[in-house]
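Below: work.cif (mmCIF, C-alpha atoms)
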```cif
data_structure
loop_
_atom_site.label_atom_id
_atom_site.label_comp_id
_atom_site.auth_asym_id
_atom_site.auth_seq_id
_atom_site.Cartn_x
_atom_site.Cartn_y
_atom_site.Cartn_z
CA MET A 15 -19.56 1.01 24.76
CA SER A 16 -21.15 0.85 21.35
CA ASN A 17 -19.09 2.69 18.74
CA GLY A 18 -20.48 1.54 15.43
CA GLU A 19 -21.63 5.03 14.47
CA THR A 20 -21.53 6.06 10.85
CA VAL A 21 -19.28 8.92 9.82
CA GLU A 22 -21.30 12.15 10.04
CA THR A 23 -20.22 13.56 6.67
CA GLY A 24 -20.39 10.17 4.98
CA ILE A 25 -16.68 10.51 4.19
CA ALA A 26 -13.64 8.98 5.89
CA TRP A 27 -10.67 11.33 5.45
CA HIS A 28 -7.34 9.52 5.07
CA TYR A 29 -4.47 12.00 5.53
CA THR A 30 -1.29 11.21 3.64
CA THR A 31 1.76 12.55 1.79
CA SER A 32 2.10 13.10 -1.96
CA ALA A 33 3.89 9.74 -2.19
CA GLY A 34 1.05 8.09 -0.28
CA LEU A 35 -1.60 9.66 -2.52
CA ARG A 36 0.22 8.56 -5.65
CA GLY A 37 0.61 5.01 -4.36
CA ILE A 38 -3.06 4.69 -3.39
CA ILE A 39 -4.37 6.02 -6.71
CA GLU A 40 -1.98 4.11 -8.97
CA ALA A 41 -2.44 0.81 -7.12
CA ASN A 42 -6.19 1.27 -6.56
CA ALA A 43 -5.45 0.07 -3.04
CA LEU A 44 -5.34 1.29 0.54
CA ARG A 45 -2.87 -0.34 2.90
CA ALA A 46 -4.01 -1.80 6.22
CA SER A 47 -0.97 -2.48 8.40
CA SER A 48 -0.60 -4.90 11.29
CA ALA A 49 -2.08 -3.40 14.44
CA ALA A 50 1.02 -4.54 16.32
CA PHE A 51 3.09 -1.79 14.66
CA MET A 52 1.06 1.37 15.26
CA ASN A 53 2.28 4.55 16.98
CA ASP A 54 -0.16 3.89 19.82
CA ALA A 55 1.66 1.25 21.87
CA ASN A 56 -1.70 0.05 23.24
CA GLU A 57 -3.47 -0.13 19.89
CA MET A 58 -6.39 -2.57 20.15
CA ARG A 59 -5.47 -3.28 23.76
CA THR A 60 -7.14 -0.24 25.33
CA GLY A 61 -10.67 -1.69 25.23
CA VAL A 62 -9.76 -5.02 26.80
CA GLY A 63 -7.58 -3.21 29.34
CA ALA A 64 -10.54 -1.02 30.33
CA LEU A 65 -12.72 -4.11 30.76
CA ARG A 66 -10.07 -5.79 32.89
CA SER A 67 -9.63 -2.72 35.11
CA THR A 68 -13.39 -2.50 35.50
CA TYR A 69 -13.67 -6.17 36.42
CA ASP A 70 -10.96 -5.82 39.08
CA ARG A 71 -12.83 -2.87 40.53
CA ILE A 72 -16.29 -4.49 40.71
CA LYS A 73 -15.26 -8.12 41.22
CA SER A 74 -16.28 -8.09 44.88
CA SER A 75 -19.86 -7.26 43.90
CA LEU A 76 -20.20 -10.29 41.59
CA THR A 77 -21.12 -13.83 42.57
CA LYS A 78 -18.57 -16.62 42.42
CA ALA A 79 -20.43 -18.14 39.46
CA GLU A 80 -20.27 -14.84 37.60
CA CYS A 81 -16.54 -14.45 38.29
CA ASP A 82 -15.91 -18.02 37.15
CA GLU A 83 -17.66 -17.35 33.83
CA ILE A 84 -15.61 -14.25 33.18
CA GLU A 85 -12.27 -15.75 34.14
CA ARG A 86 -12.65 -18.99 32.19
CA GLY A 87 -13.64 -17.28 28.95
CA SER A 88 -11.87 -14.99 26.50
CA PHE A 89 -13.66 -11.85 27.68
CA LEU A 90 -10.65 -10.36 29.45
CA GLN A 91 -7.86 -11.97 27.47
CA ASP A 92 -5.28 -9.75 25.80
CA SER A 93 -6.08 -9.00 22.19
CA VAL A 94 -3.83 -10.84 19.74
CA VAL A 95 -3.17 -7.72 17.68
CA ASP A 96 -0.86 -9.49 15.23
CA LYS A 97 -3.82 -11.04 13.42
CA TRP A 98 -5.63 -7.74 12.74
CA TYR A 99 -4.85 -5.18 10.04
CA LEU A 100 -5.83 -1.57 10.49
CA VAL A 101 -6.20 1.54 8.34
CA SER A 102 -7.10 4.85 9.95
CA ALA A 103 -8.86 7.97 8.73
CA SER A 104 -10.69 10.87 10.34
CA THR A 105 -14.27 12.06 10.43
CA SER A 106 -12.94 15.63 9.94
CA ARG A 107 -12.05 16.95 6.50
CA ASP A 108 -9.65 19.76 7.45
CA LEU A 109 -8.02 18.92 10.76
CA LEU A 110 -4.96 20.85 11.92
CA THR A 111 -3.90 18.03 14.26
CA LEU A 112 -3.39 15.72 11.29
CA TRP A 113 -1.99 18.31 8.88
CA ARG A 114 0.78 18.87 11.40
CA SER A 115 1.76 15.22 11.07
CA TYR A 116 2.68 15.89 7.42
CA GLY A 117 4.13 19.37 7.86
CA ALA A 118 7.47 18.55 6.23
CA GLY A 119 6.02 18.44 2.69
CA ALA A 120 2.92 18.38 0.53
CA SER A 121 -0.01 16.66 2.17
CA TYR A 122 -3.48 15.54 1.15
CA ALA A 123 -6.68 14.21 2.70
CA ILE A 124 -8.37 11.53 0.60
CA GLY A 125 -12.12 11.37 1.15
CA PHE A 126 -13.41 7.79 0.97
CA ASP A 127 -17.10 6.98 0.77
CA ALA A 128 -17.58 5.64 4.29
CA ALA A 129 -20.64 3.62 3.28
CA VAL A 130 -18.63 1.45 0.90
CA LYS A 131 -16.91 -1.59 2.37
CA LEU A 132 -13.35 -2.35 1.28
CA HIS A 133 -12.03 -5.89 0.85
CA PRO A 134 -8.57 -7.51 1.05
CA ILE A 135 -6.79 -7.87 -2.29
CA GLU A 136 -5.32 -11.23 -3.19
CA HIS A 137 -1.52 -11.06 -3.38
CA ILE A 138 -0.78 -14.65 -4.42
CA ALA A 139 -3.30 -16.57 -6.51
CA GLY A 140 -4.05 -20.26 -6.12
CA GLU A 141 -5.82 -22.65 -3.78
CA ALA A 142 -2.76 -24.07 -2.02
CA ASN A 143 0.26 -22.54 -0.32
CA PRO A 144 3.02 -22.52 -2.99
CA SER A 145 5.74 -22.89 -0.35
CA PRO A 146 4.28 -24.31 2.86
CA PRO A 147 6.61 -24.21 5.88
CA PRO A 148 7.33 -27.41 7.81
CA GLY A 149 4.27 -28.64 9.68
CA PHE A 150 1.85 -26.36 7.81
CA TYR A 151 -0.64 -29.18 7.24
CA ASP A 152 0.13 -31.32 10.30
CA ASP A 153 -2.71 -30.10 12.53
CA ALA A 154 -5.20 -30.23 9.67
CA TYR A 155 -5.41 -34.03 9.77
CA GLU A 156 -6.18 -36.61 12.40
CA GLU A 157 -5.96 -40.35 12.05
CA ILE A 158 -9.34 -42.00 12.52
CA ASP A 159 -9.78 -45.76 12.05
CA GLY A 160 -6.33 -46.01 10.56
CA ARG A 161 -6.67 -43.33 7.91
CA PRO A 162 -6.11 -39.56 7.85
CA VAL A 163 -9.19 -37.36 8.05
CA ARG A 164 -8.96 -33.65 7.32
CA LEU A 165 -10.29 -31.53 10.18
CA TYR A 166 -9.93 -28.17 8.45
CA ASN A 167 -8.30 -26.59 5.41
CA PRO A 168 -5.24 -24.41 6.22
CA ASP A 169 -5.57 -22.90 2.75
CA GLY A 170 -9.26 -22.06 3.18
CA VAL A 171 -10.09 -18.38 2.68
CA GLY A 172 -11.50 -16.42 5.62
CA VAL A 173 -12.02 -12.66 5.47
CA PHE A 174 -13.57 -10.58 8.25
CA GLY A 175 -14.20 -6.84 8.68
CA GLY A 176 -13.79 -4.09 6.08
CA SER A 177 -16.35 -1.48 7.17
CA TRP A 178 -15.52 2.06 8.29
CA ARG A 179 -16.48 2.56 11.94
CA THR A 180 -15.87 5.49 14.25
CA VAL A 181 -13.54 5.13 17.21
CA ALA A 182 -14.77 5.59 20.78
CA TYR A 183 -12.30 7.39 23.04
CA VAL A 184 -12.33 5.89 26.52
CA ASP A 185 -10.66 6.11 29.90
CA PRO A 186 -8.24 3.15 30.00
CA LYS A 187 -9.29 2.58 33.62
CA GLY A 188 -12.82 1.84 32.44
CA GLU A 189 -16.11 3.70 32.24
CA LYS A 190 -19.76 3.08 33.08
CA SER A 191 -20.28 1.38 29.72
CA HIS A 192 -17.50 -1.12 30.51
CA GLU A 193 -19.10 -1.93 33.86
CA GLU A 194 -22.42 -2.60 32.11
CA GLU A 195 -20.65 -4.86 29.61
CA VAL A 196 -18.87 -6.85 32.34
CA ARG A 197 -22.05 -7.31 34.40
CA THR A 198 -24.09 -8.33 31.34
CA PHE A 199 -21.54 -10.93 30.24
CA ALA A 200 -21.19 -12.31 33.77
CA LYS A 201 -24.92 -12.61 34.29
CA ARG A 202 -25.57 -14.30 30.94
CA GLY A 203 -22.81 -16.80 31.50
CA ALA A 204 -23.84 -17.66 35.04
CA THR A 205 -27.50 -17.97 34.03
CA ALA A 206 -26.59 -20.34 31.21
CA ALA A 207 -24.51 -22.48 33.58
CA GLU A 208 -27.33 -22.69 36.13
CA SER A 209 -29.80 -23.89 33.48
CA ASP A 210 -27.40 -26.58 32.18
CA SER A 211 -27.11 -24.74 28.88
CA PHE A 212 -24.02 -23.03 27.57
CA LEU A 213 -22.92 -19.64 26.29
CA ILE A 214 -20.94 -19.68 23.05
CA ASP A 215 -17.74 -17.69 23.59
CA LEU A 216 -16.71 -16.29 20.20
CA GLY A 217 -13.85 -14.30 21.66
CA VAL A 218 -12.69 -11.02 20.13
CA PHE A 219 -13.03 -10.74 16.37
CA ALA A 220 -12.16 -8.05 13.81
CA GLU A 221 -15.25 -5.89 14.30
CA SER A 222 -15.63 -6.35 18.06
CA ASP A 223 -16.32 -3.07 19.86
CA VAL A 224 -13.07 -3.32 21.84
CA ASN A 225 -11.11 -2.98 18.57
CA TYR A 226 -12.70 0.43 18.05
CA GLU A 227 -11.78 1.87 21.44
CA LYS A 228 -8.80 4.14 21.92
CA ASP A 229 -7.19 6.05 24.75
CA LEU A 230 -8.68 9.50 25.43
CA ALA A 231 -5.22 11.00 24.76
CA PHE A 232 -5.86 10.59 21.02
CA VAL A 233 -9.30 12.21 20.94
CA ASP A 234 -8.17 15.11 18.72
CA GLU A 235 -7.67 12.71 15.81
CA ARG A 236 -11.43 12.01 15.52
CA GLU A 237 -10.60 8.63 14.08
CA THR A 238 -12.63 6.26 11.97
CA ARG A 239 -11.07 2.96 10.97
CA ILE A 240 -11.28 -0.28 9.07
CA VAL A 241 -10.12 -3.48 10.76
CA VAL A 242 -9.72 -6.74 8.85
CA GLU A 243 -8.63 -10.26 9.63
CA VAL A 244 -7.52 -12.58 6.82
CA THR A 245 -6.56 -16.20 6.31
CA PRO A 246 -4.46 -17.71 4.92
CA SER A 247 -1.68 -15.17 5.35
CA TRP A 248 0.27 -16.44 2.33
CA LYS A 249 -2.54 -15.35 0.01
CA PHE A 250 -3.09 -11.81 1.35
CA VAL A 251 -0.24 -10.54 3.50
CA GLN A 252 2.66 -8.50 2.14
CA TYR A 253 5.60 -6.93 3.98
CA ARG A 254 7.30 -3.55 4.13
CA GLU A 255 10.15 -1.91 6.02
CA SER A 256 9.62 0.60 8.83
CA ARG A 257 11.32 1.92 11.95
CA PHE A 258 9.76 -1.06 13.74
CA GLY A 259 11.39 -3.56 11.37
CA ILE A 260 9.46 -5.79 8.96
CA VAL A 261 5.78 -4.83 9.07
CA PRO A 262 3.00 -7.07 7.63
CA PHE A 263 0.24 -5.33 5.69
CA VAL A 264 -2.80 -6.12 3.55
CA GLU A 265 -4.02 -4.12 0.58
CA LEU A 266 -7.71 -3.19 0.55
CA GLY A 267 -9.69 -2.42 -2.58
CA SER A 268 -12.90 -2.61 -4.57
CA GLY A 269 -14.20 -5.33 -6.88
CA ALA A 270 -14.79 -8.09 -4.36
CA VAL A 271 -16.15 -11.57 -5.04
CA HIS A 272 -17.50 -14.24 -2.71
CA ALA A 273 -14.97 -16.86 -1.65
CA GLY A 274 -15.01 -19.08 1.43
CA ILE A 275 -15.90 -17.00 4.48
CA GLY A 276 -16.08 -13.35 3.49
CA ARG A 277 -15.12 -11.60 0.28
CA TYR A 278 -11.86 -10.58 -1.36
CA VAL A 279 -10.58 -8.92 -4.54
CA PRO A 280 -8.90 -11.42 -6.89
CA ARG A 281 -5.40 -10.63 -8.12
CA GLY A 282 -5.63 -8.47 -11.22
CA ALA A 283 -9.32 -7.63 -10.73
CA ARG A 284 -9.12 -4.49 -8.58
CA GLU A 285 -11.29 -1.51 -9.51
CA PRO A 286 -11.05 2.24 -8.74
CA LEU A 287 -11.50 3.01 -5.05
CA PRO A 288 -14.66 4.72 -3.74
CA ILE A 289 -13.03 8.16 -3.45
CA ARG A 290 -15.33 11.20 -3.45
CA GLU A 291 -12.87 14.03 -2.91
CA VAL A 292 -9.20 14.87 -2.44
CA MET A 293 -8.25 17.90 -0.33
CA ILE A 294 -4.91 19.63 -0.84
CA GLY A 295 -3.30 20.38 2.49
CA PRO A 296 -2.00 23.73 3.76
CA SER A 297 1.01 24.90 1.77
CA PRO A 298 3.01 28.12 1.20
CA LEU A 299 3.42 27.09 -2.46
CA ASP A 300 1.21 28.00 -5.43
CA SER A 301 -1.94 26.00 -4.68
CA ARG A 302 -3.35 26.68 -8.15
CA ALA A 303 -0.48 24.82 -9.80
CA ALA A 304 -0.86 22.00 -7.27
CA GLU A 305 -4.57 21.79 -8.03
CA ARG A 306 -4.00 21.65 -11.80
CA ALA A 307 -1.41 18.88 -11.40
CA LEU A 308 -3.69 16.91 -9.10
CA ARG A 309 -6.62 17.27 -11.51
CA GLN A 310 -4.53 15.95 -14.38
CA PHE A 311 -3.22 13.06 -12.26
CA LEU A 312 -6.69 11.98 -11.15
CA ASP A 313 -8.11 12.30 -14.67
CA ASP A 314 -5.29 10.23 -16.16
CA ARG A 315 -5.71 7.47 -13.57
CA GLY A 316 -9.46 6.95 -13.88
CA TYR A 317 -10.62 9.23 -11.08
CA GLY A 318 -12.01 12.03 -13.22
CA GLU A 319 -15.20 12.35 -11.16
CA VAL A 320 -13.34 12.93 -7.89
CA ALA A 321 -13.74 16.49 -6.57
CA ILE A 322 -10.75 18.57 -5.50
CA SER A 323 -10.74 21.07 -2.64
CA ARG A 324 -8.15 23.07 -0.72
CA SER A 325 -7.57 23.30 3.00
CA GLU A 326 -8.68 26.51 4.66
CA THR A 327 -6.39 25.94 7.65
CA PRO A 328 -3.78 28.77 7.87
CA PHE A 329 -0.84 26.45 8.60
CA ARG A 330 2.50 26.30 6.79
#
```

As structure tokens, what does this structure read like?
Amino acid sequence: MSNGETVETGIAWHYTTSAGLRGIIEANALRASSAAFMNDANEMRTGVGALRSTYDRIKSSLTKAECDEIERGSFLQDSVVDKWYLVSASTSRDLLTLWRSYGAGASYAIGFDAAVKLHPIEHIAGEANPSPPPGFYDDAYEEIDGRPVRLYNPDGVGVFGGSWRTVAYVDPKGEKSHEEEVRTFAKRGATAAESDSFLIDLGVFAESDVNYEKDLAFVDERETRIVVEVTPSWKFVQYRESRFGIVPFVELGSGAVHAGIGRYVPRGAREPLPIREVMIGPSPLDSRAAERALRQFLDDRGYGEVAISRSETPFR
């Protein structure tokens, strides 16, 4: 079930429209949207669903102690997709399946250096929520010996994820790798319980393998993705309109600094993105004029070293 493979070409190809290309270059930022609002209704739920189906199928072959360990932990719990932000690309540089998604107008594939990690960009500066909602700090304190003691900092920065990783396409009913994962987890937990020790259950986090598993129906996309988790939301999360309603998103960029847990790009300190190449999509129009305009745009915006290529796919 391991799917942390590097991208074969070393480039993650993000397919987009002319408006999307312009926005990414001019903002020096790539948007990662809430995983709860993707076209795949089971986004980031497929992996856990496959584990659950596998467990139901092999449960009778496990001991009671092993079943207890699995059922009391977070191993089979539904992923809370609202807390993760996702940006997708492809391992393929000239893929008809994705060009078709942008067939109504000019399209491009932006080639990101897949070895370079991207970090969330700070949206609101400061160390404290400028407009905390009611109860924002209530759980952060507990009264001990008659005085309040802070248990944690709701404004503390935590950033997780940011690396490009390839997606594994799996049968949602589970595969051999899922069975191995279930049996390994069950055995470790039961063994720890028998020896009066304990197994730390970290739950599912941004770069857990299950967040990089997708239904086999989407295999033609050859996806690679970045998943991030950020806190506090007031510092990083922005909002946009879509057919789903209000959609939360986080901007990712270069120029990160250490802060709290993880790294982020301070407001106003973003640098050019690690883009190697931009491919112009299939078009019936004069591609030479489009290439000249793109070259001028990239040069004027600080991306003069980025190569330009044209799709060889005969689609219009």

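Remark: for A:Gly259, the closest of the candidate residues A:Gly87, A:Ala50, A:Asp223, A:Thr77 is A:Ala50 (distances computed over only C-alpha atoms).
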
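Comparing the minimum interatomic distances between A:Ala123 and each of A:Gly34, A:Gly269, A:Pro328, A:Gly276, counting all atoms listed in the file, we find that A:Gly34 sits nearest.
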
For a test of reading the model, state the distance in Å between atom CA of A:Gly119 and atom CA of A:Lys228, rounded to one decimal.
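Taking atom CA of A:Gly119 as the start and atom CA of A:Lys228 as the end point, the length is 28.2 Å.
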
Give me, as a CSV table (one decimal) with C-alpha atoms, keeping the file's coordinate frame, all polymer residues having an atom no more than 12 Å from A:Pro280, counting all atoms listed in the file and skipping those fewer than 6 positions away in the same chain.
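Dumped everything to selection_30.csv:
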```csv
chain,number,residue,atom,x,y,z
A,133,HIS,CA,-12.0,-5.9,0.8
A,134,PRO,CA,-8.6,-7.5,1.0
A,135,ILE,CA,-6.8,-7.9,-2.3
A,136,GLU,CA,-5.3,-11.2,-3.2
A,137,HIS,CA,-1.5,-11.1,-3.4
A,138,ILE,CA,-0.8,-14.6,-4.4
A,139,ALA,CA,-3.3,-16.6,-6.5
A,140,GLY,CA,-4.0,-20.3,-6.1
A,171,VAL,CA,-10.1,-18.4,2.7
A,249,LYS,CA,-2.5,-15.4,0.0
A,250,PHE,CA,-3.1,-11.8,1.4
A,265,GLU,CA,-4.0,-4.1,0.6
A,266,LEU,CA,-7.7,-3.2,0.6
A,267,GLY,CA,-9.7,-2.4,-2.6
A,268,SER,CA,-12.9,-2.6,-4.6
A,269,GLY,CA,-14.2,-5.3,-6.9
A,270,ALA,CA,-14.8,-8.1,-4.4
A,271,VAL,CA,-16.2,-11.6,-5.0
A,272,HIS,CA,-17.5,-14.2,-2.7
A,273,ALA,CA,-15.0,-16.9,-1.6
```

Residues picked by the PyMOL selection byres ((chain A and resi 284-301) around 7) here, as a PyMOL selection string?
chain A and resi 42+113+120-127+130+267-269+279+282-283+302-305+320-325+327-330

Once the PyMOL selection byres ((chain A and resi 220) around 10) has been evaluated on this model, what residues remain selected, and can you format them as a list in words?
Val95, Lys97, Trp98, Tyr99, Leu100, Val173, Phe174, Gly175, Gly176, Val218, Phe219, Glu221, Ser222, Asp223, Val224, Asn225, Tyr226, Ile240, Val241, Val242, Glu243 and Val244 of chain A

Just checking: using all atoms listed in the file, which residue out of A:Arg86, A:Lys73, A:His192, A:Arg239 ends up closest to A:Thr60?
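Checking each candidate against A:Thr60, we get A:His192 as the closest.
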
Any chance you could tabulate, as CSV, the residues of stretch 44-130 of chain A at most 10 Å from stretch 185-190 of chain A with each one's nearest atom pair and distance in Å to one decimal, using all atoms listed in the file, in chain and rising number order?
```
residue,atom,partner,partner_atom,distance
A:Asn56,CA,A:Pro186,CA,9.9
A:Arg59,CA,A:Pro186,CA,9.4
A:Thr60,CA,A:Pro186,CA,5.9
A:Gly61,CA,A:Pro186,CA,7.2
A:Val62,CA,A:Pro186,CA,8.9
A:Gly63,CA,A:Pro186,CA,6.4
A:Ala64,CA,A:Gly188,CA,4.2
A:Leu65,CA,A:Gly188,CA,6.2
A:Arg66,CA,A:Gly188,CA,8.1
A:Ser67,CA,A:Lys187,CA,5.5
A:Thr68,CA,A:Gly188,CA,5.3
A:Tyr69,CA,A:Gly188,CA,9.0
A:Arg71,CA,A:Gly188,CA,9.4
```

Under the rule that only C-alpha atoms are counted, which of A:Asp54, A:Asp313, A:Glu156, A:Glu80 is the nearest residue to A:Val196?
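Counting only C-alpha atoms, the residue closest to A:Val196 is A:Glu80.
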
Given the PyMOL selection byres ((chain A and resi 142-144) around 7), the residues it picks as number ranges by chain
A: 140-141, 145-146, 169, 248

For atom CA of A:Gly318 and atom CA of A:Glu40, the interatomic separation in Å (one decimal)
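It comes out at 13.5 Å.
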
So how far away is atom CA of A:Val94 from atom CA of A:Leu76, in Å?
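One can read the atom CA of A:Leu76 to atom CA of A:Val94 distance as 27.3 Å.
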
Ref. answer, residues at most 7 Å from (-15.4, -20.4, 5.5) with only C-alpha atoms, as an MDAnalysis selection string
chainID A and resid 170:172 274:275

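The shortest atom-to-atom distance to A:Pro246, with all atoms listed in the file taken into account, belongs to A:Asn167 out of A:Thr105, A:Ala128, A:Thr31, A:Asn167.
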
Hey, which of A:Ala231, A:Ala154, A:Cys81, A:Val163 ends up closest to A:Arg202? Count all atoms listed in the file.
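Smallest distance to A:Arg202 is found for A:Cys81.
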
Could the centre and edge lengths of an axis-aligned box, enclosing all atoms of stretch 80-84 of chain A in the file with 5 Å extra on each side, be given in Å to one decimal as JSON?
```
{"center_x": -17.9, "center_y": -16.1, "center_z": 35.7, "size_x": 14.7, "size_y": 13.8, "size_z": 15.1}
```

Would you mind putting back all heavy atoms on stretch 235-243 of chain A, then writing it out as a PDB file, keeping the file's coordinate frame?
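Once everything was written out, this is selection_27.pdb:
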```
ATOM      1  N   GLU A 235      -7.774  13.294  17.142  1.00  0.00           N
ATOM      2  CA  GLU A 235      -7.670  12.710  15.810  1.00  0.00           C
ATOM      3  C   GLU A 235      -9.035  12.415  15.181  1.00  0.00           C
ATOM      4  O   GLU A 235      -9.137  12.240  13.972  1.00  0.00           O
ATOM      5  CB  GLU A 235      -6.840  11.422  15.861  1.00  0.00           C
ATOM      6  CG  GLU A 235      -5.400  11.658  16.269  1.00  0.00           C
ATOM      7  CD  GLU A 235      -4.609  10.363  16.390  1.00  0.00           C
ATOM      8  OE1 GLU A 235      -5.231   9.268  16.276  1.00  0.00           O
ATOM      9  OE2 GLU A 235      -3.384  10.435  16.576  1.00  0.00           O
ATOM     10  N   ARG A 236     -10.064  12.285  16.013  1.00  0.00           N
ATOM     11  CA  ARG A 236     -11.430  12.010  15.520  1.00  0.00           C
ATOM     12  C   ARG A 236     -11.420  10.843  14.526  1.00  0.00           C
ATOM     13  O   ARG A 236     -11.927  10.937  13.409  1.00  0.00           O
ATOM     14  CB  ARG A 236     -12.031  13.259  14.889  1.00  0.00           C
ATOM     15  CG  ARG A 236     -12.038  14.458  15.813  1.00  0.00           C
ATOM     16  CD  ARG A 236     -12.515  15.702  15.135  1.00  0.00           C
ATOM     17  NE  ARG A 236     -12.278  16.890  15.942  1.00  0.00           N
ATOM     18  CZ  ARG A 236     -12.503  18.134  15.537  1.00  0.00           C
ATOM     19  NH1 ARG A 236     -13.008  18.345  14.337  1.00  0.00           N
ATOM     20  NH2 ARG A 236     -12.248  19.147  16.324  1.00  0.00           N
ATOM     21  N   GLU A 237     -10.891   9.749  14.975  1.00  0.00           N
ATOM     22  CA  GLU A 237     -10.600   8.630  14.080  1.00  0.00           C
ATOM     23  C   GLU A 237     -11.813   7.785  13.690  1.00  0.00           C
ATOM     24  O   GLU A 237     -12.719   7.548  14.475  1.00  0.00           O
ATOM     25  CB  GLU A 237      -9.547   7.724  14.734  1.00  0.00           C
ATOM     26  CG  GLU A 237      -9.081   6.582  13.831  1.00  0.00           C
ATOM     27  CD  GLU A 237      -8.066   5.674  14.501  1.00  0.00           C
ATOM     28  OE1 GLU A 237      -7.544   6.055  15.580  1.00  0.00           O
ATOM     29  OE2 GLU A 237      -7.798   4.588  13.960  1.00  0.00           O
ATOM     30  N   THR A 238     -11.783   7.339  12.454  1.00  0.00           N
ATOM     31  CA  THR A 238     -12.630   6.260  11.970  1.00  0.00           C
ATOM     32  C   THR A 238     -11.688   5.247  11.363  1.00  0.00           C
ATOM     33  O   THR A 238     -10.620   5.613  10.871  1.00  0.00           O
ATOM     34  CB  THR A 238     -13.678   6.759  10.954  1.00  0.00           C
ATOM     35  OG1 THR A 238     -14.485   5.649  10.531  1.00  0.00           O
ATOM     36  CG2 THR A 238     -13.018   7.370   9.720  1.00  0.00           C
ATOM     37  N   ARG A 239     -12.034   3.969  11.415  1.00  0.00           N
ATOM     38  CA  ARG A 239     -11.070   2.960  10.970  1.00  0.00           C
ATOM     39  C   ARG A 239     -11.731   1.749  10.341  1.00  0.00           C
ATOM     40  O   ARG A 239     -12.914   1.485  10.531  1.00  0.00           O
ATOM     41  CB  ARG A 239     -10.209   2.484  12.150  1.00  0.00           C
ATOM     42  CG  ARG A 239     -11.001   1.818  13.261  1.00  0.00           C
ATOM     43  CD  ARG A 239     -10.123   1.225  14.377  1.00  0.00           C
ATOM     44  NE  ARG A 239      -9.122   2.120  14.899  1.00  0.00           N
ATOM     45  CZ  ARG A 239      -8.409   1.894  15.999  1.00  0.00           C
ATOM     46  NH1 ARG A 239      -8.629   0.772  16.697  1.00  0.00           N
ATOM     47  NH2 ARG A 239      -7.506   2.743  16.413  1.00  0.00           N
ATOM     48  N   ILE A 240     -10.913   1.040   9.587  1.00  0.00           N
ATOM     49  CA  ILE A 240     -11.280  -0.280   9.070  1.00  0.00           C
ATOM     50  C   ILE A 240     -10.347  -1.284   9.718  1.00  0.00           C
ATOM     51  O   ILE A 240      -9.131  -1.073   9.779  1.00  0.00           O
ATOM     52  CB  ILE A 240     -11.135  -0.357   7.537  1.00  0.00           C
ATOM     53  CG1 ILE A 240     -12.254   0.417   6.838  1.00  0.00           C
ATOM     54  CG2 ILE A 240     -11.148  -1.811   7.062  1.00  0.00           C
ATOM     55  CD1 ILE A 240     -12.131   0.447   5.322  1.00  0.00           C
ATOM     56  N   VAL A 241     -10.905  -2.376  10.213  1.00  0.00           N
ATOM     57  CA  VAL A 241     -10.120  -3.480  10.760  1.00  0.00           C
ATOM     58  C   VAL A 241     -10.476  -4.736   9.981  1.00  0.00           C
ATOM     59  O   VAL A 241     -11.654  -5.023   9.758  1.00  0.00           O
ATOM     60  CB  VAL A 241     -10.412  -3.701  12.258  1.00  0.00           C
ATOM     61  CG1 VAL A 241      -9.596  -4.879  12.796  1.00  0.00           C
ATOM     62  CG2 VAL A 241     -10.109  -2.443  13.056  1.00  0.00           C
ATOM     63  N   VAL A 242      -9.464  -5.480   9.547  1.00  0.00           N
ATOM     64  CA  VAL A 242      -9.720  -6.740   8.850  1.00  0.00           C
ATOM     65  C   VAL A 242      -8.872  -7.851   9.437  1.00  0.00           C
ATOM     66  O   VAL A 242      -7.808  -7.613  10.013  1.00  0.00           O
ATOM     67  CB  VAL A 242      -9.430  -6.640   7.327  1.00  0.00           C
ATOM     68  CG1 VAL A 242     -10.362  -5.650   6.651  1.00  0.00           C
ATOM     69  CG2 VAL A 242      -7.973  -6.293   7.061  1.00  0.00           C
ATOM     70  N   GLU A 243      -9.364  -9.050   9.281  1.00  0.00           N
ATOM     71  CA  GLU A 243      -8.630 -10.260   9.630  1.00  0.00           C
ATOM     72  C   GLU A 243      -8.694 -11.176   8.417  1.00  0.00           C
ATOM     73  O   GLU A 243      -9.757 -11.312   7.791  1.00  0.00           O
ATOM     74  CB  GLU A 243      -9.263 -10.948  10.837  1.00  0.00           C
ATOM     75  CG  GLU A 243      -8.555 -12.232  11.270  1.00  0.00           C
ATOM     76  CD  GLU A 243      -9.217 -12.887  12.460  1.00  0.00           C
ATOM     77  OE1 GLU A 243     -10.121 -12.279  13.059  1.00  0.00           O
ATOM     78  OE2 GLU A 243      -8.833 -14.048  12.789  1.00  0.00           O
TER      79      GLU A 243
END
```
